[in-house]
Amino acid sequence: MSTDIIRGMDHVGITVSDIDEATRFFSEAFGAEVIYDSVSPSDEDVKGEETESILNLFPGTKITTVRMMKLKHGPGLELFEMKGPEQSPPVRPSDYGIQHFAVYVDDISEAVSLFEHAGGKMFTSPQPLMFPTEVGENNFFCYGRTPWGSVIELISLPSKLPYEDQTSLRRWKP
């Protein structure tokens, strides 16, 4: 078997409590644009045993809206607004499973300002990268929480990364 058929990440799916709030947040914080609604708010809810089975939803969950957005670079953002009898808060970075995604930015201070203006809350100010394989002049990151609780990392890597001396493989960078 060959992995040559794998092209890259298409989108990140995020369940949100309020699709309009999430759309506004991603638009204001990252310049994201709505491409289309797979399920618009005026459509009939997507629900039932088949949907629950296909998506591994808690029984009784209804999908009220699904919206695909795009950033200037990188994968799409697929937002799901669901209502169900049992929903948990988003995970913390110490929990198992997908715990954050990172958005590459050219000006991390400006990106923090946009993130916070849109209603997000940063955990800290931008910090130098923590790991020896990623340190470099002006290589910074910081984590923050969206208004509905998901964790997003802002990252800027303008300088060469030390790992680049050890391998020809490279991280994605716009």
# chains A, B, ... in the order shown; residues from 1 in each chain; ligands from 1
call {"tool": "residues_around", "arguments": {"residues": "Pro126 in chain A", "least_positions_apart": "3", "cutoff": "6 Å", "atoms": "only C-alpha atoms", "output": "PyMOL selection string"}}
result
chain A and resi 140-142
call {"tool": "write_last_selection", "arguments": {"atoms": "all heavy atoms", "output": "PDB file, in the first residue's frame"}}
result
ATOM      1  N   PHE A 140       7.300  32.622  18.128  1.00  0.00           N
ATOM      2  CA  PHE A 140       6.423  32.761  19.296  1.00  0.00           C
ATOM      3  C   PHE A 140       5.129  31.975  19.115  1.00  0.00           C
ATOM      4  O   PHE A 140       4.714  31.683  17.989  1.00  0.00           O
ATOM      5  CB  PHE A 140       6.058  34.232  19.519  1.00  0.00           C
ATOM      6  CG  PHE A 140       7.178  35.057  20.062  1.00  0.00           C
ATOM      7  CD1 PHE A 140       7.948  35.838  19.221  1.00  0.00           C
ATOM      8  CD2 PHE A 140       7.457  35.055  21.418  1.00  0.00           C
ATOM      9  CE1 PHE A 140       8.987  36.608  19.715  1.00  0.00           C
ATOM     10  CE2 PHE A 140       8.488  35.826  21.923  1.00  0.00           C
ATOM     11  CZ  PHE A 140       9.258  36.603  21.069  1.00  0.00           C
ATOM     12  N   PHE A 141       4.483  31.677  20.250  1.00  0.00           N
ATOM     13  CA  PHE A 141       3.174  31.035  20.253  1.00  0.00           C
ATOM     14  C   PHE A 141       2.414  31.475  21.489  1.00  0.00           C
ATOM     15  O   PHE A 141       2.996  31.970  22.456  1.00  0.00           O
ATOM     16  CB  PHE A 141       3.315  29.506  20.226  1.00  0.00           C
ATOM     17  CG  PHE A 141       3.579  28.897  21.583  1.00  0.00           C
ATOM     18  CD1 PHE A 141       2.593  28.171  22.237  1.00  0.00           C
ATOM     19  CD2 PHE A 141       4.801  29.075  22.230  1.00  0.00           C
ATOM     20  CE1 PHE A 141       2.829  27.619  23.488  1.00  0.00           C
ATOM     21  CE2 PHE A 141       5.048  28.525  23.474  1.00  0.00           C
ATOM     22  CZ  PHE A 141       4.050  27.790  24.105  1.00  0.00           C
ATOM     23  N   CYS A 142       1.120  31.271  21.469  1.00  0.00           N
ATOM     24  CA  CYS A 142       0.296  31.407  22.666  1.00  0.00           C
ATOM     25  C   CYS A 142      -1.027  30.692  22.405  1.00  0.00           C
ATOM     26  O   CYS A 142      -1.460  30.556  21.258  1.00  0.00           O
ATOM     27  CB  CYS A 142       0.081  32.859  23.090  1.00  0.00           C
ATOM     28  SG  CYS A 142      -0.570  33.942  21.835  1.00  0.00           S
TER      29      CYS A 142
END
call {"tool": "residues_around", "arguments": {"residues": "range 9-26 of chain A", "least_positions_apart": "2", "cutoff": "7 Å", "atoms": "only C-alpha atoms", "output": "list in words"}}
result
Glu28, Ala29, Phe30, Gly31, Ala32, Pro75, Gly76, Leu77, Glu78, Leu79, Phe80, Glu81, Met82, Ala118, Gly119 and Trp148 of chain A
call {"tool": "residues_around", "arguments": {"residues": "Lys173 in chain A", "least_positions_apart": "4", "cutoff": "10 Å", "atoms": "only C-alpha atoms", "output": "ChimeraX atom specification"}}
result
/A:73-74,104-105,156-158
call {"tool": "select_by_dssp", "arguments": {"residues": "range 56-141 of chain A", "states": "alpha helix (DSSP H)", "output": "list in words"}}
result
Ile108, Ser109, Glu110, Ala111, Val112, Ser113, Leu114, Phe115, Glu116 and His117 of chain A
call {"tool": "write_last_selection", "arguments": {"atoms": "N, CA, C and O atoms", "output": "tab-separated table (two decimals), in the first residue's frame"}}
result
chain	number	residue	atom	x	y	z
A	108	ILE	N	2.09	38.17	15.53
A	108	ILE	CA	1.39	37.51	16.63
A	108	ILE	C	0.73	38.53	17.57
A	108	ILE	O	-0.35	38.26	18.09
A	109	SER	N	1.32	39.68	17.76
A	109	SER	CA	0.70	40.70	18.63
A	109	SER	C	-0.63	41.17	18.03
A	109	SER	O	-1.63	41.31	18.74
A	110	GLU	N	-0.64	41.44	16.73
A	110	GLU	CA	-1.87	41.85	16.06
A	110	GLU	C	-2.90	40.73	16.09
A	110	GLU	O	-4.09	40.97	16.29
A	111	ALA	N	-2.44	39.47	15.90
A	111	ALA	CA	-3.35	38.33	15.92
A	111	ALA	C	-4.00	38.17	17.30
A	111	ALA	O	-5.19	37.87	17.41
A	112	VAL	N	-3.21	38.37	18.37
A	112	VAL	CA	-3.76	38.32	19.73
A	112	VAL	C	-4.82	39.40	19.90
A	112	VAL	O	-5.89	39.15	20.45
A	113	SER	N	-4.55	40.59	19.42
A	113	SER	CA	-5.51	41.69	19.52
A	113	SER	C	-6.82	41.34	18.80
A	113	SER	O	-7.91	41.55	19.35
A	114	LEU	N	-6.71	40.81	17.60
A	114	LEU	CA	-7.92	40.41	16.85
A	114	LEU	C	-8.68	39.31	17.58
A	114	LEU	O	-9.90	39.33	17.67
A	115	PHE	N	-7.95	38.32	18.09
A	115	PHE	CA	-8.55	37.19	18.81
A	115	PHE	C	-9.34	37.70	20.01
A	115	PHE	O	-10.49	37.30	20.23
A	116	GLU	N	-8.73	38.57	20.79
A	116	GLU	CA	-9.39	39.09	21.98
A	116	GLU	C	-10.54	40.04	21.63
A	116	GLU	O	-11.58	40.01	22.27
A	117	HIS	N	-10.37	40.85	20.62
A	117	HIS	CA	-11.44	41.76	20.19
A	117	HIS	C	-12.67	40.96	19.73
A	117	HIS	O	-13.81	41.39	19.93
call {"tool": "residues_around", "arguments": {"residues": "Ile63 in chain A", "least_positions_apart": "5", "cutoff": "10 Å", "atoms": "only C-alpha atoms", "output": "PDB file with all heavy atoms, in the first residue's frame"}}
result
ATOM      1  N   THR A  15     -17.581  21.531  16.848  1.00  0.00           N
ATOM      2  CA  THR A  15     -18.950  21.692  17.327  1.00  0.00           C
ATOM      3  C   THR A  15     -18.998  22.926  18.204  1.00  0.00           C
ATOM      4  O   THR A  15     -18.171  23.094  19.110  1.00  0.00           O
ATOM      5  CB  THR A  15     -19.409  20.448  18.104  1.00  0.00           C
ATOM      6  OG1 THR A  15     -19.360  19.315  17.226  1.00  0.00           O
ATOM      7  CG2 THR A  15     -20.827  20.614  18.629  1.00  0.00           C
ATOM      8  N   VAL A  39     -26.097  22.514   6.052  1.00  0.00           N
ATOM      9  CA  VAL A  39     -27.406  22.522   6.695  1.00  0.00           C
ATOM     10  C   VAL A  39     -27.594  23.952   7.187  1.00  0.00           C
ATOM     11  O   VAL A  39     -26.836  24.410   8.041  1.00  0.00           O
ATOM     12  CB  VAL A  39     -27.480  21.540   7.886  1.00  0.00           C
ATOM     13  CG1 VAL A  39     -28.845  21.594   8.554  1.00  0.00           C
ATOM     14  CG2 VAL A  39     -27.130  20.117   7.460  1.00  0.00           C
ATOM     15  N   PRO A  41     -29.694  27.178   8.985  1.00  0.00           N
ATOM     16  CA  PRO A  41     -30.575  27.277  10.155  1.00  0.00           C
ATOM     17  C   PRO A  41     -32.056  27.128   9.804  1.00  0.00           C
ATOM     18  O   PRO A  41     -32.839  26.699  10.648  1.00  0.00           O
ATOM     19  CB  PRO A  41     -30.289  28.675  10.703  1.00  0.00           C
ATOM     20  CG  PRO A  41     -28.919  29.003  10.206  1.00  0.00           C
ATOM     21  CD  PRO A  41     -28.801  28.335   8.865  1.00  0.00           C
ATOM     22  N   GLU A  44     -34.655  21.752   7.944  1.00  0.00           N
ATOM     23  CA  GLU A  44     -35.083  20.800   8.971  1.00  0.00           C
ATOM     24  C   GLU A  44     -33.839  20.214   9.625  1.00  0.00           C
ATOM     25  O   GLU A  44     -32.831  19.948   8.958  1.00  0.00           O
ATOM     26  CB  GLU A  44     -35.922  19.700   8.308  1.00  0.00           C
ATOM     27  CG  GLU A  44     -36.555  18.751   9.301  1.00  0.00           C
ATOM     28  CD  GLU A  44     -37.480  17.753   8.610  1.00  0.00           C
ATOM     29  OE1 GLU A  44     -38.220  18.153   7.697  1.00  0.00           O
ATOM     30  OE2 GLU A  44     -37.429  16.568   9.010  1.00  0.00           O
ATOM     31  N   ASP A  45     -33.876  20.012  10.953  1.00  0.00           N
ATOM     32  CA  ASP A  45     -32.745  19.426  11.670  1.00  0.00           C
ATOM     33  C   ASP A  45     -32.413  18.053  11.096  1.00  0.00           C
ATOM     34  O   ASP A  45     -33.296  17.298  10.668  1.00  0.00           O
ATOM     35  CB  ASP A  45     -33.068  19.264  13.158  1.00  0.00           C
ATOM     36  CG  ASP A  45     -33.211  20.598  13.879  1.00  0.00           C
ATOM     37  OD1 ASP A  45     -32.777  21.625  13.338  1.00  0.00           O
ATOM     38  OD2 ASP A  45     -33.774  20.588  14.994  1.00  0.00           O
ATOM     39  N   VAL A  46     -31.121  17.730  11.094  1.00  0.00           N
ATOM     40  CA  VAL A  46     -30.662  16.398  10.697  1.00  0.00           C
ATOM     41  C   VAL A  46     -30.596  15.579  11.982  1.00  0.00           C
ATOM     42  O   VAL A  46     -29.900  15.939  12.926  1.00  0.00           O
ATOM     43  CB  VAL A  46     -29.284  16.470  10.007  1.00  0.00           C
ATOM     44  CG1 VAL A  46     -28.790  15.082   9.652  1.00  0.00           C
ATOM     45  CG2 VAL A  46     -29.351  17.373   8.780  1.00  0.00           C
ATOM     46  N   LYS A  47     -31.349  14.483  12.014  1.00  0.00           N
ATOM     47  CA  LYS A  47     -31.426  13.701  13.248  1.00  0.00           C
ATOM     48  C   LYS A  47     -31.828  12.274  12.927  1.00  0.00           C
ATOM     49  O   LYS A  47     -32.123  11.944  11.776  1.00  0.00           O
ATOM     50  CB  LYS A  47     -32.429  14.324  14.210  1.00  0.00           C
ATOM     51  CG  LYS A  47     -33.843  14.415  13.626  1.00  0.00           C
ATOM     52  CD  LYS A  47     -34.767  15.178  14.549  1.00  0.00           C
ATOM     53  CE  LYS A  47     -36.128  15.326  13.879  1.00  0.00           C
ATOM     54  NZ  LYS A  47     -37.035  16.150  14.650  1.00  0.00           N
ATOM     55  N   GLY A  48     -31.824  11.445  13.945  1.00  0.00           N
ATOM     56  CA  GLY A  48     -32.277  10.075  13.808  1.00  0.00           C
ATOM     57  C   GLY A  48     -31.159   9.067  14.006  1.00  0.00           C
ATOM     58  O   GLY A  48     -29.973   9.414  14.079  1.00  0.00           O
ATOM     59  N   THR A  51     -28.145   8.942  11.380  1.00  0.00           N
ATOM     60  CA  THR A  51     -27.189  10.029  11.587  1.00  0.00           C
ATOM     61  C   THR A  51     -26.385   9.792  12.854  1.00  0.00           C
ATOM     62  O   THR A  51     -25.163   9.985  12.875  1.00  0.00           O
ATOM     63  CB  THR A  51     -27.918  11.391  11.670  1.00  0.00           C
ATOM     64  OG1 THR A  51     -28.614  11.602  10.443  1.00  0.00           O
ATOM     65  CG2 THR A  51     -26.957  12.528  11.918  1.00  0.00           C
ATOM     66  N   GLU A  52     -27.051   9.377  13.922  1.00  0.00           N
ATOM     67  CA  GLU A  52     -26.354   9.092  15.178  1.00  0.00           C
ATOM     68  C   GLU A  52     -25.307   8.011  14.982  1.00  0.00           C
ATOM     69  O   GLU A  52     -24.198   8.105  15.518  1.00  0.00           O
ATOM     70  CB  GLU A  52     -27.366   8.662  16.248  1.00  0.00           C
ATOM     71  CG  GLU A  52     -28.313   9.775  16.661  1.00  0.00           C
ATOM     72  CD  GLU A  52     -29.515   9.302  17.462  1.00  0.00           C
ATOM     73  OE1 GLU A  52     -29.591   8.089  17.795  1.00  0.00           O
ATOM     74  OE2 GLU A  52     -30.389  10.132  17.729  1.00  0.00           O
ATOM     75  N   LEU A  57     -23.026  10.036  17.307  1.00  0.00           N
ATOM     76  CA  LEU A  57     -23.645  11.047  18.162  1.00  0.00           C
ATOM     77  C   LEU A  57     -24.360  10.405  19.335  1.00  0.00           C
ATOM     78  O   LEU A  57     -24.846   9.276  19.238  1.00  0.00           O
ATOM     79  CB  LEU A  57     -24.660  11.879  17.359  1.00  0.00           C
ATOM     80  CG  LEU A  57     -24.148  12.581  16.109  1.00  0.00           C
ATOM     81  CD1 LEU A  57     -25.295  13.302  15.414  1.00  0.00           C
ATOM     82  CD2 LEU A  57     -23.025  13.537  16.444  1.00  0.00           C
ATOM     83  N   PHE A  80     -20.242  22.911  13.288  1.00  0.00           N
ATOM     84  CA  PHE A  80     -21.474  22.163  13.541  1.00  0.00           C
ATOM     85  C   PHE A  80     -22.159  22.770  14.746  1.00  0.00           C
ATOM     86  O   PHE A  80     -21.544  22.897  15.810  1.00  0.00           O
ATOM     87  CB  PHE A  80     -21.163  20.702  13.894  1.00  0.00           C
ATOM     88  CG  PHE A  80     -20.646  19.870  12.771  1.00  0.00           C
ATOM     89  CD1 PHE A  80     -19.317  19.924  12.388  1.00  0.00           C
ATOM     90  CD2 PHE A  80     -21.490  19.001  12.089  1.00  0.00           C
ATOM     91  CE1 PHE A  80     -18.832  19.151  11.364  1.00  0.00           C
ATOM     92  CE2 PHE A  80     -21.024  18.218  11.057  1.00  0.00           C
ATOM     93  CZ  PHE A  80     -19.686  18.291  10.688  1.00  0.00           C
ATOM     94  N   GLU A  81     -23.415  23.135  14.592  1.00  0.00           N
ATOM     95  CA  GLU A  81     -24.230  23.475  15.756  1.00  0.00           C
ATOM     96  C   GLU A  81     -25.140  22.288  15.976  1.00  0.00           C
ATOM     97  O   GLU A  81     -25.906  21.905  15.083  1.00  0.00           O
ATOM     98  CB  GLU A  81     -25.045  24.742  15.526  1.00  0.00           C
ATOM     99  CG  GLU A  81     -25.851  25.129  16.767  1.00  0.00           C
ATOM    100  CD  GLU A  81     -26.613  26.428  16.589  1.00  0.00           C
ATOM    101  OE1 GLU A  81     -25.985  27.479  16.413  1.00  0.00           O
ATOM    102  OE2 GLU A  81     -27.857  26.355  16.613  1.00  0.00           O
ATOM    103  N   MET A  82     -25.014  21.663  17.142  1.00  0.00           N
ATOM    104  CA  MET A  82     -25.824  20.493  17.492  1.00  0.00           C
ATOM    105  C   MET A  82     -26.492  20.737  18.831  1.00  0.00           C
ATOM    106  O   MET A  82     -25.947  21.420  19.693  1.00  0.00           O
ATOM    107  CB  MET A  82     -24.956  19.237  17.589  1.00  0.00           C
ATOM    108  CG  MET A  82     -24.253  18.851  16.314  1.00  0.00           C
ATOM    109  SD  MET A  82     -23.494  17.229  16.490  1.00  0.00           S
ATOM    110  CE  MET A  82     -22.227  17.317  15.242  1.00  0.00           C
ATOM    111  N   LYS A  83     -27.659  20.153  18.985  1.00  0.00           N
ATOM    112  CA  LYS A  83     -28.375  20.193  20.261  1.00  0.00           C
ATOM    113  C   LYS A  83     -28.632  18.749  20.669  1.00  0.00           C
ATOM    114  O   LYS A  83     -29.151  17.963  19.878  1.00  0.00           O
ATOM    115  CB  LYS A  83     -29.713  20.934  20.126  1.00  0.00           C
ATOM    116  CG  LYS A  83     -29.588  22.346  19.554  1.00  0.00           C
ATOM    117  CD  LYS A  83     -28.786  23.266  20.442  1.00  0.00           C
ATOM    118  CE  LYS A  83     -28.726  24.657  19.847  1.00  0.00           C
ATOM    119  NZ  LYS A  83     -27.595  25.424  20.288  1.00  0.00           N
ATOM    120  N   GLY A  84     -28.233  18.418  21.879  1.00  0.00           N
ATOM    121  CA  GLY A  84     -28.407  17.040  22.318  1.00  0.00           C
ATOM    122  C   GLY A  84     -28.656  16.937  23.797  1.00  0.00           C
ATOM    123  O   GLY A  84     -28.370  17.872  24.562  1.00  0.00           O
TER     124      GLY A  84
END
call {"tool": "atom_distance", "arguments": {"atom1": "CA of Ile155 in chain A", "atom2": "CA of Val66 in chain A"}}
result
27.3 Å
call {"tool": "select_by_dssp", "arguments": {"residues": "range 75-116 of chain A", "states": "strand (DSSP E or B)", "output": "PDB file with N, CA and C atoms, in the first residue's frame"}}
result
ATOM      1  N   GLY A  76     -10.002  24.041   5.695  1.00  0.00           N
ATOM      2  CA  GLY A  76     -11.263  24.697   6.004  1.00  0.00           C
ATOM      3  C   GLY A  76     -11.670  24.461   7.448  1.00  0.00           C
ATOM      4  N   LEU A  77     -12.658  25.220   7.880  1.00  0.00           N
ATOM      5  CA  LEU A  77     -13.257  25.060   9.205  1.00  0.00           C
ATOM      6  C   LEU A  77     -14.713  24.669   8.988  1.00  0.00           C
ATOM      7  N   GLU A  78     -15.094  23.488   9.443  1.00  0.00           N
ATOM      8  CA  GLU A  78     -16.482  23.051   9.331  1.00  0.00           C
ATOM      9  C   GLU A  78     -17.123  23.158  10.705  1.00  0.00           C
ATOM     10  N   LEU A  79     -18.050  24.104  10.832  1.00  0.00           N
ATOM     11  CA  LEU A  79     -18.710  24.356  12.109  1.00  0.00           C
ATOM     12  C   LEU A  79     -20.018  23.589  12.183  1.00  0.00           C
ATOM     13  N   PHE A  80     -20.242  22.911  13.288  1.00  0.00           N
ATOM     14  CA  PHE A  80     -21.474  22.163  13.541  1.00  0.00           C
ATOM     15  C   PHE A  80     -22.159  22.770  14.746  1.00  0.00           C
ATOM     16  N   GLU A  81     -23.415  23.135  14.592  1.00  0.00           N
ATOM     17  CA  GLU A  81     -24.230  23.475  15.756  1.00  0.00           C
ATOM     18  C   GLU A  81     -25.140  22.288  15.976  1.00  0.00           C
ATOM     19  N   MET A  82     -25.014  21.663  17.142  1.00  0.00           N
ATOM     20  CA  MET A  82     -25.824  20.493  17.492  1.00  0.00           C
ATOM     21  C   MET A  82     -26.492  20.737  18.831  1.00  0.00           C
ATOM     22  N   LYS A  83     -27.659  20.153  18.985  1.00  0.00           N
ATOM     23  CA  LYS A  83     -28.375  20.193  20.261  1.00  0.00           C
ATOM     24  C   LYS A  83     -28.632  18.749  20.669  1.00  0.00           C
ATOM     25  N   PHE A 101      -6.103  23.394  17.619  1.00  0.00           N
ATOM     26  CA  PHE A 101      -5.468  23.545  16.321  1.00  0.00           C
ATOM     27  C   PHE A 101      -4.761  24.884  16.328  1.00  0.00           C
ATOM     28  N   ALA A 102      -3.740  24.999  15.487  1.00  0.00           N
ATOM     29  CA  ALA A 102      -2.927  26.203  15.471  1.00  0.00           C
ATOM     30  C   ALA A 102      -3.171  26.982  14.188  1.00  0.00           C
ATOM     31  N   VAL A 103      -3.186  28.295  14.312  1.00  0.00           N
ATOM     32  CA  VAL A 103      -3.321  29.194  13.175  1.00  0.00           C
ATOM     33  C   VAL A 103      -1.999  29.938  13.036  1.00  0.00           C
ATOM     34  N   TYR A 104      -1.363  29.786  11.860  1.00  0.00           N
ATOM     35  CA  TYR A 104      -0.107  30.470  11.596  1.00  0.00           C
ATOM     36  C   TYR A 104      -0.400  31.939  11.328  1.00  0.00           C
TER      37      TYR A 104
END
call {"tool": "closest_residue", "arguments": {"among": "A:Gly8, A:Gly136, A:Gly120, A:Pro128", "to": "Glu164 in chain A", "atoms": "only C-alpha atoms"}}
result
A:Gly136
